[in-house]
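Student: Next comes the structure file my_file05.csv, holding CSV, C-alpha atoms.
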```
chain,number,residue,atom,x,y,z
A,1177,MET,CA,6.0,-33.6,12.0
A,1178,SER,CA,9.1,-31.5,11.8
A,1179,GLN,CA,9.5,-28.6,9.4
A,1180,ASP,CA,12.4,-28.4,6.9
A,1181,PRO,CA,14.7,-25.7,8.4
A,1182,SER,CA,15.3,-24.2,5.0
A,1183,SER,CA,11.6,-23.5,4.4
A,1184,PRO,CA,9.9,-20.4,6.0
A,1185,SER,CA,7.7,-20.7,9.0
A,1186,VAL,CA,4.0,-19.8,8.7
A,1187,ASP,CA,2.2,-17.5,11.1
A,1188,PRO,CA,-0.9,-19.5,12.1
A,1189,SER,CA,-3.0,-16.4,12.8
A,1190,THR,CA,-2.4,-14.9,9.3
A,1191,GLY,CA,-1.1,-17.6,7.1
A,1192,ASP,CA,1.8,-15.3,6.2
A,1193,GLU,CA,5.3,-16.7,5.9
A,1194,ILE,CA,7.7,-15.7,8.6
A,1195,ASP,CA,11.3,-15.1,7.9
A,1196,GLY,CA,13.5,-17.8,9.6
A,1197,GLY,CA,16.1,-17.6,12.3
A,1198,PRO,CA,18.1,-14.7,13.7
A,1199,TYR,CA,19.7,-11.9,11.8
A,1200,HIS,CA,23.3,-10.9,12.9
A,1201,MET,CA,24.3,-7.5,11.5
A,1202,ARG,CA,27.2,-5.2,11.9
A,1203,LEU,CA,26.9,-1.5,11.3
A,1204,TYR,CA,30.2,0.3,10.6
A,1205,VAL,CA,30.2,4.0,11.5
A,1206,ALA,CA,32.8,6.7,12.0
A,1207,GLY,CA,32.1,8.4,15.3
A,1208,GLN,CA,28.8,10.0,16.3
A,1209,THR,CA,28.1,11.8,13.0
A,1210,ALA,CA,24.6,12.7,12.0
A,1211,LYS,CA,24.7,10.2,9.2
A,1212,SER,CA,26.0,7.4,11.5
A,1213,MET,CA,23.4,8.1,14.1
A,1214,ALA,CA,20.6,8.2,11.5
A,1215,ALA,CA,21.7,4.9,10.1
A,1216,LEU,CA,21.6,3.3,13.5
A,1217,ALA,CA,18.2,4.7,14.3
A,1218,ASN,CA,16.8,3.7,10.9
A,1219,LEU,CA,18.2,0.2,11.3
A,1220,LYS,CA,16.7,-0.3,14.8
A,1221,ARG,CA,13.3,0.9,13.6
A,1222,ILE,CA,13.3,-1.4,10.6
A,1223,CYS,CA,14.5,-4.4,12.7
A,1224,GLU,CA,11.9,-3.8,15.4
A,1225,GLU,CA,9.1,-3.5,12.8
A,1226,HIS,CA,10.1,-6.5,10.7
A,1227,LEU,CA,12.4,-8.7,12.8
A,1228,ALA,CA,11.2,-8.2,16.3
A,1229,GLY,CA,13.2,-10.4,18.7
A,1230,ARG,CA,15.1,-12.1,15.9
A,1231,TYR,CA,18.1,-9.8,15.3
A,1232,ASP,CA,21.2,-8.4,16.9
A,1233,ILE,CA,23.2,-5.4,15.8
A,1234,GLU,CA,26.9,-4.9,16.5
A,1235,VAL,CA,28.0,-1.3,16.0
A,1236,ILE,CA,31.6,-0.9,15.0
A,1237,ASP,CA,33.1,2.6,15.3
A,1238,LEU,CA,36.0,2.8,12.9
A,1239,MET,CA,37.3,5.9,14.6
A,1240,LYS,CA,38.1,3.7,17.6
A,1241,ASN,CA,39.0,0.5,15.7
A,1242,PRO,CA,40.0,1.3,12.1
A,1243,GLN,CA,41.6,-2.1,11.6
A,1244,LEU,CA,38.2,-3.8,11.7
A,1245,ALA,CA,37.3,-2.3,8.3
A,1246,ALA,CA,39.4,-4.8,6.5
A,1247,GLY,CA,37.6,-7.8,7.8
A,1248,ASP,CA,34.3,-7.0,6.0
A,1249,GLN,CA,36.0,-4.9,3.2
A,1250,ILE,CA,34.4,-1.6,4.3
A,1251,LEU,CA,35.1,1.1,1.8
A,1252,ALA,CA,32.4,3.7,2.8
A,1253,ILE,CA,30.5,4.5,5.9
A,1254,PRO,CA,28.0,4.0,7.3
A,1255,THR,CA,27.9,0.4,6.0
A,1256,LEU,CA,25.6,-2.3,7.2
A,1257,VAL,CA,26.8,-5.9,6.8
A,1258,ARG,CA,24.3,-8.8,7.3
A,1259,ARG,CA,26.5,-11.7,8.3
A,1260,ILE,CA,23.7,-14.3,9.1
A,1261,PRO,CA,21.7,-15.6,7.4
A,1262,GLU,CA,24.1,-16.2,4.5
A,1263,PRO,CA,24.9,-15.0,2.0
A,1264,LEU,CA,26.6,-11.9,3.3
A,1265,LYS,CA,24.9,-8.7,2.3
A,1266,ARG,CA,26.1,-5.0,2.4
A,1267,ILE,CA,24.2,-1.8,2.3
A,1268,ILE,CA,25.9,1.6,2.3
A,1269,GLY,CA,24.2,4.8,3.5
A,1270,ASP,CA,21.9,6.1,6.3
A,1271,LEU,CA,19.3,3.3,5.7
A,1272,SER,CA,16.5,5.9,5.3
A,1273,ASN,CA,14.8,4.0,2.4
A,1274,THR,CA,13.1,1.2,4.2
A,1275,GLU,CA,12.0,-0.6,1.1
A,1276,LYS,CA,15.6,-0.7,-0.3
A,1277,VAL,CA,16.9,-1.9,3.1
A,1278,LEU,CA,14.3,-4.7,3.2
A,1279,VAL,CA,15.2,-5.8,-0.3
A,1280,GLY,CA,18.9,-5.5,0.3
A,1281,LEU,CA,18.7,-7.7,3.4
A,1282,ASP,CA,16.1,-10.2,1.8
A,1283,ILE,CA,13.5,-9.4,4.5
A,1284,ARG,CA,9.9,-9.7,3.7
A,1285,PRO,CA,8.0,-6.6,4.8
A,1286,LYS,CA,5.4,-7.3,7.5
A,1287,ALA,CA,1.9,-6.9,6.2
A,1288,LYS,CA,0.3,-3.7,7.4
A,1289,ALA,CA,-2.7,-4.0,9.7
A,1290,VAL,CA,-5.9,-2.9,7.9
```
Could you write out this structure as structure tokens?
Tutor:
Amino acid sequence: MSQDPSSPSVDPSTGDEIDGGPYHMRLYVAGQTAKSMAALANLKRICEEHLAGRYDIEVIDLMKNPQLAAGDQILAIPTLVRRIPEPLKRIIGDLSNTEKVLVGLDIRPKAKAV
């Protein structure tokens, strides 16, 4: 029996729903500033904890390629753009508030081990 691709998978060991397919994200930064580096570190931590093996991050440095800001309508930096799954989502800032990032990206937090 095949599963509907739009419905979430279920982890057989816990019975918890698993978020579907891969997440493709772009993080727009401006050089190696403290805020940009914090955003990247926070994003990697959140992805490893909640999307292990199901994400890729493209870092776009607007100091090197400022013309790329127009494509995703970037008005502030750092800005995270989740391109897949749709719909497109944007989060501005250093991504230090894990709960807000998870909500903003529509990611269900993994249950904490007891």
Student: Applying 12 Å and all atoms listed in the file, which residues near region 1259-1272 of chain A remain after dropping the ones on its own chain fewer than 6 positions away? List them as an MDAnalysis selection string.
Tutor: chainID A and resid 1182 1195:1205 1209:1223 1230:1234 1247:1253 1278:1283
Student: When you draw a straight line from CA of Lys1286 (chain A) to CA of Thr1274 (chain A), how long is it in Å?
Tutor: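 Taking CA of Lys1286 (chain A) and CA of Thr1274 (chain A), their separation equals 11.9 Å.
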Student: Mind pulling up the distance from CA of Ala1206 (chain A) to CA of Asp1237 (chain A)?
Tutor: 5.3 Å
Student: Tell me, in Å to one decimal, how far CA of Gly1229 (chain A) is from CA of Leu1244 (chain A).
Tutor: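 Pair CA of Gly1229 (chain A) / CA of Leu1244 (chain A) returns 26.8 Å.
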